[in-house]
Amino acid sequence: QVQVAESGGGLVQPGGSLRLSCVTSGIKFDNYVIGWFRQAPGKEREGVSCIGINDGSERYADSVKGRFTIARDDAKSTVYLQMNSLGPQDTGDYYCAADRFGLFRLCAFDSYQYQHWGQGTEVTVSS
């Protein structure tokens, strides 16, 4: 059974940092593209960052470039999202998603590319 689980969300003040983790099981992790998406209250879900296999490709939304860093640890079947200089605009539910076709395509922000999703972790940036 495939499981995708996010953790690390919480309440942080503006300018602060959080590190989200996405732990997976039941998949051959090193063949999977992993993406992070978020959904702010009242807004559509958007892609934040994603990483291909063998650290071959990374993408960041323009709104997070220079502030967020994605990394994967294949030995732990885990992807991390380090988020720095957080602002209220970063508030939302953050979701991790896994795409099993990592051998055939790069990461992207098309949510339909991903077959397995976690339940999300909430991030609130507020003073």
# chains A, B, ... in the order shown; residues from 1 in each chain; ligands from 1

$ closest_atom_pairs --of "segment 94-122 of chain A" --to "segment 62-81 of chain A" --cutoff "12 Å" --atoms "only C-alpha atoms" --output "Markdown table"
| residue | atom | partner | partner_atom | distance |
| --- | --- | --- | --- | --- |
| A:Tyr94 | CA | A:Leu81 | CA | 10.2 |
| A:Tyr95 | CA | A:Leu81 | CA | 10.9 |
| A:Cys96 | CA | A:Val79 | CA | 8.8 |
| A:Ala97 | CA | A:Val79 | CA | 10.2 |
| A:Ala98 | CA | A:Val79 | CA | 10.2 |

$ write_last_selection --atoms "N, CA, C and O atoms" --output "compact mmCIF listing (two decimals), in the first residue's frame"
# COMPACT_ATOMS: atom_id res chain seq x y z
N TYR A 94 -0.09 22.45 2.70
CA TYR A 94 0.97 21.97 1.81
C TYR A 94 0.83 20.47 1.62
O TYR A 94 0.74 19.71 2.59
N TYR A 95 0.83 20.08 0.36
CA TYR A 95 0.64 18.68 0.00
C TYR A 95 1.86 18.15 -0.74
O TYR A 95 2.43 18.83 -1.60
N CYS A 96 2.19 16.91 -0.44
CA CYS A 96 3.24 16.20 -1.14
C CYS A 96 2.59 15.21 -2.10
O CYS A 96 1.55 14.60 -1.76
N ALA A 97 3.17 15.06 -3.27
CA ALA A 97 2.61 14.15 -4.26
C ALA A 97 3.73 13.39 -4.95
O ALA A 97 4.84 13.91 -5.12
N ALA A 98 3.43 12.16 -5.36
CA ALA A 98 4.43 11.29 -5.97
C ALA A 98 3.97 10.82 -7.34
O ALA A 98 2.82 10.41 -7.51

$ atom_distance --atom1 "atom CA of Ser57 of chain A" --atom2 "atom CA of Val125 of chain A"
28.4 Å

$ closest_residue --among "A:Ala40, A:Leu11, A:Ala5, A:Ile53" --to "Leu106 of chain A" --atoms "only C-alpha atoms"
A:Ile53

$ residues_around --residues "Thr121 of chain A" --least-positions-apart "4" --cutoff "8 Å" --atoms "only C-alpha atoms" --output "ChimeraX atom specification"
/A:6-10,93-95

$ select_by_dssp --residues "chain A" --states "strand (DSSP E)" --output "NGL selection string"
:A and (3-7 or 10-12 or 18-25 or 33-39 or 46-51 or 58-60 or 68-73 or 78-83 or 92-99 or 116-117 or 121-125)

$ closest_residue --among "A:Gln13, A:Gln1, A:Asn54, A:Gln89" --to "Ser126 of chain A" --atoms "only C-alpha atoms"
A:Gln13

$ residues_around --residues "Met83 of chain A" --least-positions-apart "2" --cutoff "6 Å" --atoms "only C-alpha atoms" --output "count of residues only"
4

$ select_by_dssp --residues "chain A" --states "helix (DSSP H, G or I)" --output "list in words"
Phe29, Asp30, Asn31, Ile53, Asn54, Asp55, Asp74, Ala75, Lys76, Pro88, Gln89, Asp90, Ser111, Tyr112 and Gln113 of chain A

$ residues_around --residues "Pro88 of chain A" --least-positions-apart "2" --cutoff "10 Å" --atoms "only C-alpha atoms" --output "number ranges by chain"
A: 12-15, 86, 90-92, 123-127

$ closest_residue --among "A:Val2, A:Glu46, A:Ala108, A:Leu103" --to "Thr24 of chain A" --atoms "only C-alpha atoms"
A:Val2
